[in-house]
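A.B. asks: Dropping the structure in here first, questions after.
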Amino acid sequence: MQTSEAFSGLACVDCGTVHDADVPGRCPDCGGFLDAQYDYDAVADDWASFEGDGRGMWAFEALLPFAATNAVSAAEGETPLVDAPRLAEELGVGRVVVKDEGRNPTGTFLDRGMSLALTAASRHAESDDVEPLALATPGNAGQSAAAYAGRVGLRSYSFVPSRSAFSNKAMINVHGGEMRVVGGRYPQAKDAVDEQLATEYYSLQEFTTPYRHEGAKTLAFELVADLDGEIPDAVVVPASTGELVVGLEKGFRELVEVGLVDDVPPLYAVQPENCAPIVAAAEHGDDSIEPWEVPDTIVGELEVPDPEGGALALSALKSCGGDTVAVSDDDILASAVAAAQHEAIEVGVAGGAAPAGAWSLAEEGRFSEDDTVVLVNTESGLKTPDVLRSHLMGQGI
């Protein structure tokens, strides 16, 4: 498989074995997660190489596994960084900016990782039969997978829990993907992939494919580019599977490796109080995740009781001096609505966890008055407008 110039292989995070890019899933030696590695000396330490140029996230091909000329892309990335002055005033900081990932092709940050994952799958399909592609998902990743698989004519199956948003279910089919609705929640959807697919399949599951968190790291590149080469003082991000936390930390770390910034900013991972396995592990000082026994949050994208990348997310947060915070569903919904009403940003329910977490952190005195705080909106408000409207109706509006 043809790879980019600096790419040096897929390293297993458990046993350390380095594999070629043609390994489609986890480490064949031990089953560990694979992570793309690069020869950083081969990457020019010139910021001009890391500025957006109209190619979306593929402007940063110098630190991606594949060249932009081979990309399966729908112009994902290069999402706007929107100033939120009212939020800054309320948080008591110098500046708040929202990285609005809802502007991606299917309205979610997951398009970044799916672009890379389907680029790899399309390359594998040139020599092997990779169909069907399959994954379990709370919803957004299924829509994204269907869209990118359709772009290269590959057949995909998305297993979604019955609680998944109707918009995701509908758009999976609209993009040409196959969908199986599974009674219950996300864990039941994950179990159903192997139970119901009576054939071998090519997995698009987070941390099975090595590329979903690899795509997420480009968000960090864009943040620094948008901030004129500076790093923010804090980045607040909703956490579900762990892939966005892991990707962001890796992206900032790689910019340090190539000499473009001096440090990795602290990341703050936010989860709903009623499904917060990463928060619980961090509070207990654990290095591994205990599955959340009874997940019960209206924030479907964040209702992931046993995140695949949970342990990696804990490690990433520790290495950057970050932390975790749990917030209530009511605060998440109120934050999403406030962003729409006061900042003209259509924040999805999952994205509302970022401003809700920021308010909680501000109350704890985590920010200084001259800080620049980045909030990551992970999804479009159009993903779950019924949930946001129901919140207003509950207040008599």
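A note on labels: chains of the structure tokens are A, B, ... as shown, every chain counts residues from 1, and ligands are counted from 1 in their shown order.
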I want to know what sits within 9 Å of Phe33 (chain A), based on only C-alpha atoms, with residues of the same chain fewer than 4 positions away left out; could you give that as an MDAnalysis selection string?
C.D. replies: chainID A and resid 11:14 25:27 207:210
A.B. asks: Identify, on the basis of only C-alpha atoms, every residue whose closest approach to Ile278 (chain A) does not exceed 9 Å; exclude the query and any residue fewer than 5 positions from it along the same chain; express the result as JSON, numbers by chain.
C.D. replies: {"A": [239, 240, 242, 269, 270, 271, 283, 288, 289, 290, 306, 307, 310, 311, 313, 314, 324]}
A.B. asks: Keeping C-alpha atoms for every residue in the selection just given, could you write it to a file as a JSON list (two decimals), in the first residue's frame?
C.D. replies:
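selection_27.json, written as the output of this step:
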[["chain", "number", "residue", "atom", "x", "y", "z"],
["A", 239, "ALA", "CA", -15.42, 12.30, 25.52],
["A", 240, "SER", "CA", -17.15, 9.14, 24.35],
["A", 242, "GLY", "CA", -11.80, 8.18, 23.71],
["A", 269, "ALA", "CA", -12.52, 15.50, 28.87],
["A", 270, "VAL", "CA", -16.22, 15.98, 29.64],
["A", 271, "GLN", "CA", -18.77, 13.21, 30.16],
["A", 283, "GLU", "CA", -10.92, 10.38, 39.94],
["A", 288, "SER", "CA", -7.87, 1.28, 33.17],
["A", 289, "ILE", "CA", -11.61, 1.67, 32.74],
["A", 290, "GLU", "CA", -14.35, -0.06, 34.69],
["A", 306, "ASP", "CA", -16.95, 0.86, 28.15],
["A", 307, "PRO", "CA", -14.96, 3.06, 25.74],
["A", 310, "GLY", "CA", -10.63, 4.75, 27.60],
["A", 311, "ALA", "CA", -7.23, 3.68, 28.92],
["A", 313, "ALA", "CA", -7.50, 8.63, 26.86],
["A", 314, "LEU", "CA", -6.50, 8.45, 30.53],
["A", 324, "THR", "CA", -11.85, 15.15, 33.49]]
A.B. asks: I want to know what sits within 12 Å of Arg366 (chain A), based on only C-alpha atoms, with residues of the same chain fewer than 4 positions away left out; could you give that as a PyMOL selection string?
C.D. replies: chain A and resi 91-93+233-236+266-268+322-325+357-362+371+373
A.B. asks: Please provide the set of residues having any atom within 9 Å of region 156-159 of chain A, restricted to only C-alpha atoms, with same-chain residues fewer than 2 positions apart removed, written as an NGL selection string.
C.D. replies: :A and (131-139 or 141-143 or 145-146 or 149-150 or 154 or 161 or 172 or 176-182 or 186 or 189-190 or 192-193)
A.B. asks: So which residues of region 8-101 of chain A fall under strand (DSSP E or B) by DSSP, listed as a compact mmCIF listing (two decimals) with N, CA and C atoms, in the first residue's frame?
C.D. replies:
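Result written to states10.txt:
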# COMPACT_ATOMS: atom_id res chain seq x y z
N SER A 8 6.08 5.71 8.88
CA SER A 8 7.06 4.64 9.10
C SER A 8 6.44 3.33 9.58
N GLY A 9 5.13 3.28 9.77
CA GLY A 9 4.50 2.02 10.14
C GLY A 9 3.43 2.19 11.19
N LEU A 10 2.76 1.08 11.50
CA LEU A 10 1.73 1.02 12.53
C LEU A 10 2.30 0.29 13.73
N ALA A 11 2.51 1.00 14.82
CA ALA A 11 3.13 0.41 16.01
C ALA A 11 2.06 -0.03 17.00
N CYS A 12 2.21 -1.23 17.54
CA CYS A 12 1.28 -1.74 18.55
C CYS A 12 1.56 -1.04 19.88
N VAL A 18 6.07 -3.12 15.06
CA VAL A 18 5.70 -2.18 14.01
C VAL A 18 5.30 -2.97 12.76
N HIS A 19 4.11 -2.65 12.24
CA HIS A 19 3.58 -3.35 11.08
C HIS A 19 3.44 -2.39 9.90
N LEU A 34 -3.26 -0.42 17.18
CA LEU A 34 -2.16 0.06 16.35
C LEU A 34 -2.23 1.58 16.22
N ASP A 35 -1.07 2.20 16.16
CA ASP A 35 -0.98 3.65 16.09
C ASP A 35 0.04 4.04 15.03
N ALA A 36 -0.34 4.93 14.14
CA ALA A 36 0.54 5.34 13.06
C ALA A 36 1.77 6.07 13.60
N GLN A 37 2.93 5.73 13.04
CA GLN A 37 4.20 6.34 13.44
C GLN A 37 4.82 7.05 12.24
N TYR A 38 5.69 8.04 12.54
CA TYR A 38 6.29 8.86 11.48
C TYR A 38 7.75 9.12 11.78
N LEU A 81 -13.24 28.31 13.46
CA LEU A 81 -12.99 28.58 14.88
C LEU A 81 -13.74 29.88 15.19
N VAL A 82 -14.83 29.75 15.95
CA VAL A 82 -15.76 30.85 16.13
C VAL A 82 -15.58 31.50 17.50
N ASP A 83 -15.33 32.79 17.50
CA ASP A 83 -15.23 33.51 18.78
C ASP A 83 -16.57 33.52 19.49
N ARG A 95 -10.53 34.83 26.27
CA ARG A 95 -11.12 34.50 24.98
C ARG A 95 -11.64 33.07 25.01
N VAL A 96 -12.83 32.89 24.44
CA VAL A 96 -13.37 31.55 24.21
C VAL A 96 -13.63 31.42 22.72
N VAL A 97 -13.15 30.32 22.15
CA VAL A 97 -13.41 30.03 20.74
C VAL A 97 -13.98 28.62 20.63
N VAL A 98 -14.92 28.47 19.74
CA VAL A 98 -15.56 27.17 19.53
C VAL A 98 -15.08 26.60 18.20
N LYS A 99 -14.45 25.43 18.26
CA LYS A 99 -14.09 24.71 17.04
C LYS A 99 -15.32 23.94 16.62
N ASP A 100 -15.96 24.41 15.53
CA ASP A 100 -17.28 23.91 15.16
C ASP A 100 -17.19 22.76 14.18
A.B. asks: Using only C-alpha atoms, which of A:Leu333, A:Ala62, A:Val349, A:Ala21 sits nearest Ala44 (chain A)?
C.D. replies: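 Of A:Leu333, A:Ala62, A:Val349, A:Ala21, the one nearest Ala44 (chain A) is A:Ala62, counting only C-alpha atoms.
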A.B. asks: Can you tell me how far CA of Ser164 (chain A) sits from CA of Met393 (chain A), in Å to one decimal?
C.D. replies: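 It comes out at 21.1 Å.
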